[in-house]
>>> print(open('final_32.txt').read())   # compact mmCIF, C-alpha atoms
# COMPACT_ATOMS: atom_id res chain seq x y z
CA PHE A 1 -11.35 -52.87 19.54
CA SER A 2 -10.36 -51.85 15.99
CA LYS A 3 -6.82 -50.67 15.53
CA MET A 4 -5.98 -47.75 13.23
CA ALA A 5 -3.75 -48.60 10.31
CA PRO A 6 -0.30 -47.06 10.52
CA PRO A 7 0.41 -44.24 8.02
CA SER A 8 2.08 -45.21 4.81
CA LEU A 9 5.54 -44.07 3.84
CA VAL A 10 4.07 -41.58 1.36
CA GLU A 11 1.82 -40.03 4.00
CA MET A 12 4.73 -39.67 6.42
CA CYS A 13 6.84 -38.01 3.72
CA VAL A 14 4.00 -35.59 2.87
CA ASN A 15 3.52 -34.68 6.56
CA VAL A 16 7.24 -33.97 6.94
CA ALA A 17 7.21 -31.86 3.75
CA VAL A 18 4.19 -29.83 4.97
CA ALA A 19 5.83 -29.24 8.35
CA ASN A 20 8.98 -27.93 6.62
CA ILE A 21 7.30 -26.20 3.67
CA LYS A 22 9.26 -22.96 4.13
CA TYR A 23 12.45 -24.77 3.17
CA ILE A 24 11.06 -26.31 -0.05
CA ASP A 25 11.42 -24.49 -3.38
CA ASP A 26 12.06 -27.40 -5.75
CA PHE A 27 10.08 -30.59 -6.40
CA GLY A 28 12.53 -31.95 -9.00
CA ASN A 29 11.11 -35.01 -10.72
CA MET A 30 8.64 -35.77 -7.94
CA PRO A 31 5.58 -37.58 -9.38
CA MET A 32 2.14 -36.02 -9.05
CA ILE A 33 1.00 -38.27 -6.21
CA ASN A 34 -2.05 -37.85 -4.03
CA GLY A 35 -0.14 -35.86 -1.43
CA PHE A 36 1.18 -33.38 -4.00
CA ARG A 37 -1.84 -31.09 -3.59
CA ASP A 38 -1.43 -31.09 0.19
CA ILE A 39 2.13 -29.85 -0.17
CA LEU A 40 1.08 -27.06 -2.57
CA ARG A 41 -1.78 -26.10 -0.23
CA ALA A 42 0.77 -25.42 2.50
CA VAL A 43 2.63 -22.85 0.34
CA LYS A 44 1.68 -19.32 1.49
CA ASN A 45 4.24 -17.27 -0.47
CA ALA A 46 3.81 -16.29 -4.13
CA ARG A 47 7.53 -16.17 -4.83
CA GLN A 48 8.02 -19.62 -3.31
CA LEU A 49 5.22 -21.03 -5.49
CA HIS A 50 6.77 -19.40 -8.56
CA ALA A 51 10.19 -20.90 -7.73
CA ILE A 52 8.61 -24.36 -7.42
CA GLU A 53 7.03 -23.93 -10.86
CA GLN A 54 10.29 -22.78 -12.44
CA ARG A 55 12.40 -25.61 -10.99
CA SER A 56 9.94 -28.45 -11.48
CA GLU A 57 10.78 -30.92 -14.25
CA ASP A 58 7.13 -31.83 -14.85
CA PRO A 59 5.49 -29.45 -17.39
CA ASP A 60 2.02 -30.38 -16.07
CA ILE A 61 2.66 -28.66 -12.74
CA TYR A 62 0.84 -25.52 -13.96
CA GLN A 63 -2.40 -27.50 -13.99
CA PHE A 64 -2.08 -28.02 -10.23
CA THR A 65 -0.89 -24.52 -9.22
CA GLU A 66 -3.76 -22.45 -10.71
CA GLU A 67 -6.11 -22.86 -7.73
CA HIS A 68 -3.28 -22.05 -5.33
CA TRP A 69 -2.43 -18.89 -7.26
CA LYS A 70 -6.02 -17.74 -6.91
CA ARG A 71 -5.87 -18.51 -3.20
CA ILE A 72 -2.66 -16.51 -2.69
CA ILE A 73 -3.91 -13.56 -4.77
CA ASN A 74 -7.17 -13.37 -2.80
CA GLN A 75 -5.15 -13.59 0.40
CA ASP A 76 -2.61 -10.85 -0.50
CA PHE A 77 -4.89 -8.47 -2.46
CA PRO A 78 -8.52 -9.03 -1.40
CA GLN A 79 -9.88 -5.66 -2.58
CA LEU A 80 -7.93 -5.44 -5.83
CA SER A 81 -8.76 -9.02 -6.81
CA ARG A 82 -12.50 -8.39 -6.29
CA GLN A 83 -12.23 -5.17 -8.28
CA HIS A 84 -10.31 -6.48 -11.32
CA ASN A 85 -10.50 -10.31 -11.23
CA TRP A 86 -7.65 -10.76 -13.72
CA THR A 87 -6.65 -14.10 -15.25
CA PRO A 88 -3.55 -14.78 -17.40
CA ASP A 89 -3.59 -15.82 -21.04
CA GLN A 90 -1.45 -18.86 -20.17
CA PRO A 91 -1.32 -20.91 -16.93
CA LYS A 92 2.42 -20.23 -16.55
CA ASN A 93 1.79 -16.47 -16.26
CA TRP A 94 -0.07 -16.49 -12.94
CA PHE A 95 2.98 -15.03 -11.22
CA ARG A 96 2.82 -12.03 -13.55
CA VAL A 97 -0.79 -11.44 -12.54
CA TRP A 98 0.28 -11.51 -8.90
CA ASP A 99 3.14 -9.11 -9.70
CA ARG A 100 0.70 -6.68 -11.39
CA TYR A 101 -1.48 -6.64 -8.27
CA ASN A 102 1.66 -6.15 -6.15
CA GLU A 103 2.74 -3.08 -8.15
CA MET A 104 -0.71 -1.50 -7.79
CA LYS A 105 -0.73 -2.12 -4.04
CA GLN A 106 2.76 -0.66 -3.58
CA ALA A 107 1.78 2.48 -5.55
CA ALA A 108 -1.37 2.91 -3.44
CA ASP A 109 0.61 2.40 -0.22
CA ALA A 110 3.25 4.95 -1.29
CA GLU A 111 0.55 7.52 -2.08
CA ALA A 112 -1.15 6.91 1.28
CA ILE A 113 2.17 7.27 3.14
CA ALA A 114 2.95 10.54 1.30
CA ASN A 115 -0.48 11.96 2.16
CA LEU A 116 -0.05 10.92 5.79
CA GLU A 117 3.40 12.50 6.04
CA ALA A 118 2.08 15.73 4.49
CA ALA A 119 -0.79 15.84 6.97
CA VAL A 120 1.57 15.20 9.89
CA GLU A 121 3.95 17.94 8.70
CA ALA A 122 1.08 20.43 8.29
CA ASN A 123 -0.19 19.60 11.77
CA LYS A 124 3.32 20.01 13.19
CA LYS A 125 3.67 23.47 11.61
CA LYS A 126 0.27 24.47 12.97
CA VAL A 127 1.29 23.39 16.47
CA GLU A 128 4.61 25.27 16.19
CA MET A 129 2.84 28.46 15.12
CA SER A 130 0.40 28.30 18.04
CA LYS A 131 3.08 27.47 20.60
CA ALA A 132 4.34 30.25 22.89
CA LYS A 133 8.08 30.94 22.61
CA ILE A 134 10.19 31.82 25.64
CA LEU A 135 12.86 34.40 24.81
CA ASP A 136 15.99 35.22 26.76
CA ALA A 137 16.69 38.72 27.99
CA TYR A 138 19.21 39.45 25.24
CA GLU A 139 16.68 38.44 22.55
CA LEU A 140 14.07 40.98 23.66
CA PRO A 141 13.92 44.34 21.83
CA PRO A 142 15.24 47.34 23.79
CA PRO A 143 12.57 49.32 25.70
CA PRO A 144 11.62 52.78 24.38
CA ARG A 145 13.43 55.76 25.84
CA LYS A 146 11.54 57.86 28.36
CA THR A 147 11.74 61.61 27.87
CA SER A 148 11.84 63.82 30.95
CA HIS A 149 9.07 66.43 31.32
CA TRP A 150 11.14 68.57 33.68
CA SER A 151 13.50 71.17 32.31
CA SER A 152 15.37 74.10 33.80
CA GLN A 153 14.51 76.31 30.85
CA PRO A 154 11.03 77.90 30.60
CA ARG A 155 8.68 76.37 28.02
CA PRO A 156 8.13 78.69 25.04
CA LYS A 157 4.64 80.09 24.76
CA PRO A 158 2.70 79.60 21.53
CA ALA A 159 2.44 82.57 19.23
CA ASN A 160 -1.37 82.71 19.26
CA GLY A 161 -1.92 81.99 22.96
CA SER A 162 -2.66 78.69 24.64
CA PHE A 163 -3.84 75.97 22.25
CA ILE A 164 -6.25 74.73 24.95
CA GLN A 165 -7.96 78.11 25.09
CA LYS A 166 -8.09 78.18 21.30
CA ALA A 167 -9.78 74.76 21.21
CA ARG A 168 -12.37 75.91 23.74
CA ASN A 169 -13.21 79.00 21.67
CA GLU A 170 -13.68 76.86 18.55
CA ALA A 171 -15.99 74.47 20.41
CA ARG A 172 -18.03 77.38 21.76
CA LYS A 173 -18.49 78.80 18.25
CA GLU A 174 -19.65 75.42 16.92
CA THR A 175 -22.31 75.07 19.62
CA THR A 176 -23.74 78.56 19.03
CA ARG A 177 -23.87 78.01 15.27
CA PHE A 178 -26.68 75.44 15.45
CA ARG A 179 -28.66 77.21 18.18
CA LEU A 180 -32.24 78.20 17.14
CA THR A 181 -32.69 81.97 16.93
CA THR A 182 -35.58 84.37 16.35
CA ALA A 183 -36.61 85.92 13.07
CA THR A 184 -34.29 88.89 13.68
CA GLY A 185 -31.43 86.53 14.35
CA GLN A 186 -30.33 88.48 17.45
CA LEU A 187 -31.84 86.71 20.45
CA PRO A 188 -32.30 83.02 21.26
CA VAL A 189 -35.78 81.51 21.15
CA LYS A 190 -37.84 82.27 24.23
CA PRO A 191 -39.30 79.36 26.24
CA GLY A 192 -42.89 80.26 25.37
CA GLN A 193 -42.37 80.88 21.69
CA ILE A 194 -44.02 78.47 19.12
CA THR A 195 -41.44 76.37 17.34
CA HIS A 196 -43.67 73.95 15.37
CA ALA A 197 -47.21 73.71 13.92
CA PRO A 198 -50.11 72.56 16.14
CA THR A 199 -51.12 68.89 16.14
CA SER A 200 -54.64 69.58 14.86
CA MET A 201 -53.24 71.40 11.85
CA LEU A 202 -50.91 68.54 11.04
CA GLU A 203 -53.76 66.00 11.39
CA GLN A 204 -55.98 68.02 9.04
CA LYS A 205 -53.20 68.21 6.45
CA ARG A 206 -52.71 64.44 6.69
CA ARG A 207 -56.41 63.80 6.08
CA GLU A 208 -56.46 66.07 3.04
CA GLN A 209 -53.48 64.26 1.54
CA GLN A 210 -55.04 60.88 2.33
CA PHE A 211 -58.07 61.49 0.07
CA ASP A 212 -56.13 63.33 -2.61
CA PRO A 213 -55.38 60.89 -5.51
CA ALA A 214 -52.30 62.88 -6.51
CA THR A 215 -50.62 62.67 -3.11
CA ALA A 216 -52.16 59.48 -1.63
CA PRO A 217 -49.68 56.58 -1.27
CA ALA A 218 -50.10 53.61 -3.57
CA PRO A 219 -51.89 50.63 -2.01
CA ARG A 220 -49.67 47.76 -0.96
CA THR A 221 -49.90 44.59 -2.98
CA HIS A 222 -49.13 41.25 -1.40
CA ILE A 223 -47.83 38.45 -3.63
CA ARG A 224 -48.57 35.05 -2.21
CA VAL A 225 -46.30 32.17 -3.14
CA PRO A 226 -48.35 29.21 -4.39
CA ARG A 227 -48.12 26.35 -2.01
CA GLY A 228 -47.64 22.77 -3.13
CA PRO A 229 -49.79 19.87 -2.10
CA PRO A 230 -49.79 18.91 1.58
CA LYS A 231 -46.97 16.72 2.81
CA ARG A 232 -49.22 13.75 3.55
CA GLU A 233 -50.82 13.97 0.12
CA GLN A 234 -47.38 14.06 -1.54
CA GLU A 235 -46.16 11.05 0.47
CA ARG A 236 -49.29 9.11 -0.49
CA LYS A 237 -48.71 9.83 -4.19
CA GLU A 238 -45.05 8.76 -3.93
CA LYS A 239 -46.07 5.44 -2.31
CA GLU A 240 -48.66 4.81 -5.04
CA GLU A 241 -46.09 5.52 -7.78
CA ARG A 242 -43.56 3.21 -6.09
CA LEU A 243 -46.10 0.38 -5.91
CA LEU A 244 -46.96 0.83 -9.58
CA ARG A 245 -43.28 0.69 -10.55
CA ILE A 246 -42.81 -2.49 -8.49
CA LYS A 247 -45.79 -4.16 -10.17
CA SER A 248 -44.58 -3.19 -13.64
CA GLY A 249 -41.03 -4.36 -12.91
CA GLY A 250 -39.55 -0.85 -13.10
CA LEU A 251 -37.44 -1.17 -9.96
CA LYS A 252 -34.26 -3.12 -10.51
CA ARG A 253 -32.52 -5.00 -7.78
CA LYS A 254 -29.13 -3.63 -6.83
CA ALA A 255 -26.19 -5.87 -7.60
CA ASP A 256 -24.44 -7.47 -4.66
CA ASP A 257 -21.02 -5.91 -3.99
CA ASP A 258 -19.57 -9.29 -3.09
CA ILE A 259 -20.16 -10.66 -6.59
CA PRO A 260 -16.87 -10.21 -8.49
CA PRO A 261 -16.87 -8.69 -11.97
CA PRO A 262 -16.28 -10.88 -15.04
CA SER A 263 -12.69 -12.02 -15.27
CA ALA A 264 -10.43 -9.99 -17.57
CA VAL A 265 -7.66 -11.84 -19.40
CA LEU A 266 -4.18 -10.29 -19.21
CA THR A 267 -1.87 -11.02 -22.12
CA PHE A 268 1.88 -11.17 -21.48
CA SER A 269 4.78 -11.39 -23.91
CA ASP A 270 7.53 -13.96 -23.49
CA ASP A 271 10.09 -11.17 -23.99
CA ASP A 272 9.19 -9.77 -20.55
CA ASP A 273 10.75 -12.74 -18.73
>>> encode(input="final_32.txt", output="structure tokens")
Amino acid sequence: FSKMAPPSLVEMCVNVAVANIKYIDDFGNMPMINGFRDILRAVKNARQLHAIEQRSEDPDIYQFTEEHWKRIINQDFPQLSRQHNWTPDQPKNWFRVWDRYNEMKQAADAEAIANLEAAVEANKKKVEMSKAKILDAYELPPPPRKTSHWSSQPRPKPANGSFIQKARNEARKETTRFRLTTATGQLPVKPGQITHAPTSMLEQKRREQQFDPATAPAPRTHIRVPRGPPKREQERKEKEERLLRIKSGGLKRKADDDIPPPSAVLTFSDDDD
């Protein structure tokens, strides 16, 4: 049976450092050994990675932290990083790129929270307006006073008689005004009296007017809306046009949303430190 070689002292130190990575913010003058990348890969916090860069005595540390900055930015801001894909002008400015993404995310979160609070407040007011309110007895308005219809004194009579009788007389006059009367205007129309022209006379008059060019109604004209080609014929033409465009290379393939845009370089001034 083959025995596994025991771990070296460097490997044991790297394993201990990875297990306690949250307590490490300074590498000092630690040489760039093979396990150095494993320690950086365990860093999950952007501010911790920035502190390690600032306190390291090796100026070449920025060559090892670039890939880890990209990993942390994609982890903290997946949508913004795919949308902008920023890179710094110098390797030491990766923390500023992360800080720019962080400011944009905080602004978007604040706007979303404000919109949510406004929607909740509007919904609360709507519920309050539609809610029934229970009032106490002292909050209710006083009931209207009831006047008594009984009196010991006699009710005064109107000057022109009863108003009910007057209204009846006016209604009777209105009904007799529109009643059909005879030529003398004295007696109402008798049941057997002719009140309208015979039907044959009306039919003859209609026929005369029908053949009279002066009085005949104008013929009706119907305007028909032109119809397009049948639906099946239109679909067949669209398919033929689509096939012709495909053969001629007219249709372009849509770009994949997962493909990030070209990286844009952000320039920072040393005075901003």
>>> residues_around(input="final_32.txt", residues="Asp76 (chain A)", least_positions_apart="6", cutoff="9 Å", atoms="only C-alpha atoms", output="ChimeraX atom specification")
/A:98,101-102
>>> closest_residue(input="final_32.txt", among="A:Leu140, A:Ala46, A:Met32, A:Cys13", to="Ile73 (chain A)", atoms="all atoms listed in the file")
A:Ala46
>>> closest_residue(input="final_32.txt", among="A:Ala264, A:Leu40, A:Ala5, A:Ala171", to="Arg71 (chain A)", atoms="all atoms listed in the file")
A:Leu40
>>> residues_around(input="final_32.txt", residues="Gln75 (chain A)", least_positions_apart="3", cutoff="12 Å", atoms="only C-alpha atoms", output="list in words")
Lys44, Asn45, Ala46, His68, Trp69, Lys70, Arg71, Ile72, Pro78, Gln79, Leu80, Ser81, Arg82, Trp98 and Tyr101 of chain A
>>> residues_around(input="final_32.txt", residues="Ala42 (chain A)", least_positions_apart="3", cutoff="8 Å", atoms="only C-alpha atoms", output="PyMOL selection string")
chain A and resi 18+21+38-39
>>> atom_distance(input="final_32.txt", atom1="CA of His84 (chain A)", atom2="CA of Phe64 (chain A)")
23.1 Å
>>> atom_distance(input="final_32.txt", atom1="CA of Ala197 (chain A)", atom2="CA of Lys173 (chain A)")
29.5 Å
>>> residues_around(input="final_32.txt", residues="Val10 (chain A)", least_positions_apart="3", cutoff="10 Å", atoms="only C-alpha atoms", output="list in words")
Pro7, Cys13, Val14, Asn15, Val16, Ile33, Asn34 and Gly35 of chain A
>>> atom_distance(input="final_32.txt", atom1="CA of Trp86 (chain A)", atom2="CA of Leu266 (chain A)")
6.5 Å
>>> closest_residue(input="final_32.txt", among="A:Asn29, A:Arg41, A:Thr87, A:Ala19", to="Pro59 (chain A)", atoms="only C-alpha atoms")
A:Asn29
>>> axis_aligned_box(input="final_32.txt", around="region 66-76 of chain A", padding_each_side="4 Å", output="lines of an AutoDock Vina configuration file")
center_x = -4.8
center_y = -16.9
center_z = -5.2
size_x = 12.7
size_y = 20.0
size_z = 19.1
>>> build_atoms(input="final_32.txt", residues="region 101-112 of chain A", atoms="all heavy atoms", output="PDB file, in the frame of the given file")
ATOM      1  N   TYR A 101      -0.760  -7.051  -9.479  1.00  0.00           N
ATOM      2  CA  TYR A 101      -1.480  -6.640  -8.270  1.00  0.00           C
ATOM      3  C   TYR A 101      -0.511  -6.040  -7.243  1.00  0.00           C
ATOM      4  O   TYR A 101      -0.830  -5.051  -6.564  1.00  0.00           O
ATOM      5  CB  TYR A 101      -2.180  -7.844  -7.651  1.00  0.00           C
ATOM      6  CG  TYR A 101      -3.474  -8.227  -8.327  1.00  0.00           C
ATOM      7  CD1 TYR A 101      -3.659  -9.505  -8.833  1.00  0.00           C
ATOM      8  CD2 TYR A 101      -4.523  -7.328  -8.444  1.00  0.00           C
ATOM      9  CE1 TYR A 101      -4.845  -9.878  -9.444  1.00  0.00           C
ATOM     10  CE2 TYR A 101      -5.703  -7.683  -9.051  1.00  0.00           C
ATOM     11  CZ  TYR A 101      -5.867  -8.953  -9.555  1.00  0.00           C
ATOM     12  OH  TYR A 101      -7.051  -9.306 -10.166  1.00  0.00           O
ATOM     13  N   ASN A 102       0.679  -6.627  -7.124  1.00  0.00           N
ATOM     14  CA  ASN A 102       1.660  -6.150  -6.150  1.00  0.00           C
ATOM     15  C   ASN A 102       2.118  -4.733  -6.478  1.00  0.00           C
ATOM     16  O   ASN A 102       2.280  -3.895  -5.582  1.00  0.00           O
ATOM     17  CB  ASN A 102       2.850  -7.101  -6.103  1.00  0.00           C
ATOM     18  CG  ASN A 102       3.792  -6.793  -4.965  1.00  0.00           C
ATOM     19  OD1 ASN A 102       3.371  -6.390  -3.888  1.00  0.00           O
ATOM     20  ND2 ASN A 102       5.082  -6.971  -5.195  1.00  0.00           N
ATOM     21  N   GLU A 103       2.342  -4.431  -7.755  1.00  0.00           N
ATOM     22  CA  GLU A 103       2.740  -3.080  -8.150  1.00  0.00           C
ATOM     23  C   GLU A 103       1.643  -2.062  -7.835  1.00  0.00           C
ATOM     24  O   GLU A 103       1.927  -0.955  -7.353  1.00  0.00           O
ATOM     25  CB  GLU A 103       3.060  -3.062  -9.650  1.00  0.00           C
ATOM     26  CG  GLU A 103       4.317  -3.835 -10.028  1.00  0.00           C
ATOM     27  CD  GLU A 103       4.552  -3.851 -11.523  1.00  0.00           C
ATOM     28  OE1 GLU A 103       3.684  -3.310 -12.257  1.00  0.00           O
ATOM     29  OE2 GLU A 103       5.583  -4.389 -11.962  1.00  0.00           O
ATOM     30  N   MET A 104       0.387  -2.421  -8.093  1.00  0.00           N
ATOM     31  CA  MET A 104      -0.710  -1.500  -7.790  1.00  0.00           C
ATOM     32  C   MET A 104      -0.822  -1.251  -6.287  1.00  0.00           C
ATOM     33  O   MET A 104      -1.044  -0.112  -5.847  1.00  0.00           O
ATOM     34  CB  MET A 104      -2.024  -2.076  -8.323  1.00  0.00           C
ATOM     35  CG  MET A 104      -2.101  -2.169  -9.824  1.00  0.00           C
ATOM     36  SD  MET A 104      -3.684  -2.849 -10.407  1.00  0.00           S
ATOM     37  CE  MET A 104      -4.813  -1.610  -9.795  1.00  0.00           C
ATOM     38  N   LYS A 105      -0.626  -2.288  -5.491  1.00  0.00           N
ATOM     39  CA  LYS A 105      -0.730  -2.120  -4.040  1.00  0.00           C
ATOM     40  C   LYS A 105       0.422  -1.265  -3.504  1.00  0.00           C
ATOM     41  O   LYS A 105       0.220  -0.410  -2.636  1.00  0.00           O
ATOM     42  CB  LYS A 105      -0.710  -3.489  -3.355  1.00  0.00           C
ATOM     43  CG  LYS A 105      -0.912  -3.423  -1.836  1.00  0.00           C
ATOM     44  CD  LYS A 105      -0.956  -4.805  -1.236  1.00  0.00           C
ATOM     45  CE  LYS A 105      -1.246  -4.727   0.268  1.00  0.00           C
ATOM     46  NZ  LYS A 105      -0.214  -3.978   0.982  1.00  0.00           N
ATOM     47  N   GLN A 106       1.632  -1.464  -4.030  1.00  0.00           N
ATOM     48  CA  GLN A 106       2.760  -0.660  -3.580  1.00  0.00           C
ATOM     49  C   GLN A 106       2.577   0.808  -3.948  1.00  0.00           C
ATOM     50  O   GLN A 106       2.901   1.705  -3.162  1.00  0.00           O
ATOM     51  CB  GLN A 106       4.053  -1.199  -4.189  1.00  0.00           C
ATOM     52  CG  GLN A 106       4.508  -2.526  -3.605  1.00  0.00           C
ATOM     53  CD  GLN A 106       5.791  -3.019  -4.229  1.00  0.00           C
ATOM     54  OE1 GLN A 106       6.304  -2.418  -5.170  1.00  0.00           O
ATOM     55  NE2 GLN A 106       6.310  -4.134  -3.713  1.00  0.00           N
ATOM     56  N   ALA A 107       2.033   1.091  -5.150  1.00  0.00           N
ATOM     57  CA  ALA A 107       1.780   2.480  -5.550  1.00  0.00           C
ATOM     58  C   ALA A 107       0.725   3.121  -4.643  1.00  0.00           C
ATOM     59  O   ALA A 107       0.860   4.278  -4.221  1.00  0.00           O
ATOM     60  CB  ALA A 107       1.335   2.530  -7.004  1.00  0.00           C
ATOM     61  N   ALA A 108      -0.327   2.367  -4.323  1.00  0.00           N
ATOM     62  CA  ALA A 108      -1.370   2.910  -3.440  1.00  0.00           C
ATOM     63  C   ALA A 108      -0.818   3.145  -2.032  1.00  0.00           C
ATOM     64  O   ALA A 108      -1.135   4.160  -1.393  1.00  0.00           O
ATOM     65  CB  ALA A 108      -2.559   1.960  -3.392  1.00  0.00           C
ATOM     66  N   ASP A 109       0.022   2.221  -1.549  1.00  0.00           N
ATOM     67  CA  ASP A 109       0.610   2.400  -0.220  1.00  0.00           C
ATOM     68  C   ASP A 109       1.553   3.605  -0.188  1.00  0.00           C
ATOM     69  O   ASP A 109       1.574   4.366   0.794  1.00  0.00           O
ATOM     70  CB  ASP A 109       1.378   1.137   0.193  1.00  0.00           C
ATOM     71  CG  ASP A 109       0.446  -0.045   0.423  1.00  0.00           C
ATOM     72  OD1 ASP A 109      -0.779   0.187   0.544  1.00  0.00           O
ATOM     73  OD2 ASP A 109       0.927  -1.189   0.465  1.00  0.00           O
ATOM     74  N   ALA A 110       2.337   3.797  -1.253  1.00  0.00           N
ATOM     75  CA  ALA A 110       3.250   4.950  -1.290  1.00  0.00           C
ATOM     76  C   ALA A 110       2.469   6.260  -1.305  1.00  0.00           C
ATOM     77  O   ALA A 110       2.840   7.231  -0.620  1.00  0.00           O
ATOM     78  CB  ALA A 110       4.140   4.853  -2.523  1.00  0.00           C
ATOM     79  N   GLU A 111       1.365   6.296  -2.050  1.00  0.00           N
ATOM     80  CA  GLU A 111       0.550   7.520  -2.080  1.00  0.00           C
ATOM     81  C   GLU A 111      -0.076   7.785  -0.710  1.00  0.00           C
ATOM     82  O   GLU A 111      -0.123   8.935  -0.243  1.00  0.00           O
ATOM     83  CB  GLU A 111      -0.536   7.387  -3.138  1.00  0.00           C
ATOM     84  CG  GLU A 111      -1.391   8.629  -3.296  1.00  0.00           C
ATOM     85  CD  GLU A 111      -2.448   8.466  -4.372  1.00  0.00           C
ATOM     86  OE1 GLU A 111      -2.491   7.382  -4.999  1.00  0.00           O
ATOM     87  OE2 GLU A 111      -3.236   9.412  -4.581  1.00  0.00           O
ATOM     88  N   ALA A 112      -0.553   6.730  -0.043  1.00  0.00           N
ATOM     89  CA  ALA A 112      -1.150   6.910   1.280  1.00  0.00           C
ATOM     90  C   ALA A 112      -0.109   7.385   2.293  1.00  0.00           C
ATOM     91  O   ALA A 112      -0.387   8.259   3.137  1.00  0.00           O
ATOM     92  CB  ALA A 112      -1.784   5.604   1.747  1.00  0.00           C
TER      93      ALA A 112
END
